[in-house]
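To start, the structure itself, in structure tokens.
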Amino acid sequence: MAANSNAPSALDKEQIFGMAEKEMEYRVELFNKLTHTCFSKCVEKRYKESELNMGENSCIDRCVSKYWHVTNLIGQLLGSGRPPM
């Protein structure tokens with residue numbers, strides 16, 4: 001029986017695994033930066049309560065939303081090869 005020519009070779013599988021690993025590292029780094037940035041911006045240095053208050057929750061919600069929006073915008077610009085606005 002002939003080998004399936006559409007099946008990825010061992011080298012292809014290794015490259016795919018390497019790319020997936022890099023993507024995971026990027027996502028973890030992005031999450032850590034987002035968490036650090038929004039926490040530093042929105043949460044007071046001296047904790048007064050065990051839970052976030054309404055203002056902190058709103059700030060974090062807006063911060064995360066803006067962070068994702070800008071990250072996606074930058075990704076689209078880099079992917080399209082267009083110069084920034």
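Simple scheme: letters A, B, ... for chains in structure tokens order, numbers from 1 for residues in each chain, numbers from 1 for ligands in the order shown.
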*chain A: which residues are alpha helix (DSSP H) by DSSP, as an NGL selection string?*
:A and (10-42 or 54-80)
_Surrounding residues of stretch 48-59 of chain A excluding itself and chain neighbours under 5 positions, 8 Å, only C-alpha atoms, as a list in words_ = Cys38, Cys42 and Val43 of chain A
*Provide the atom CA of A:Lys33 to atom CA of A:Asn72 distance in Å, to one decimal place.*
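Going from atom CA of A:Lys33 over to atom CA of A:Asn72, I get 14.8 Å.
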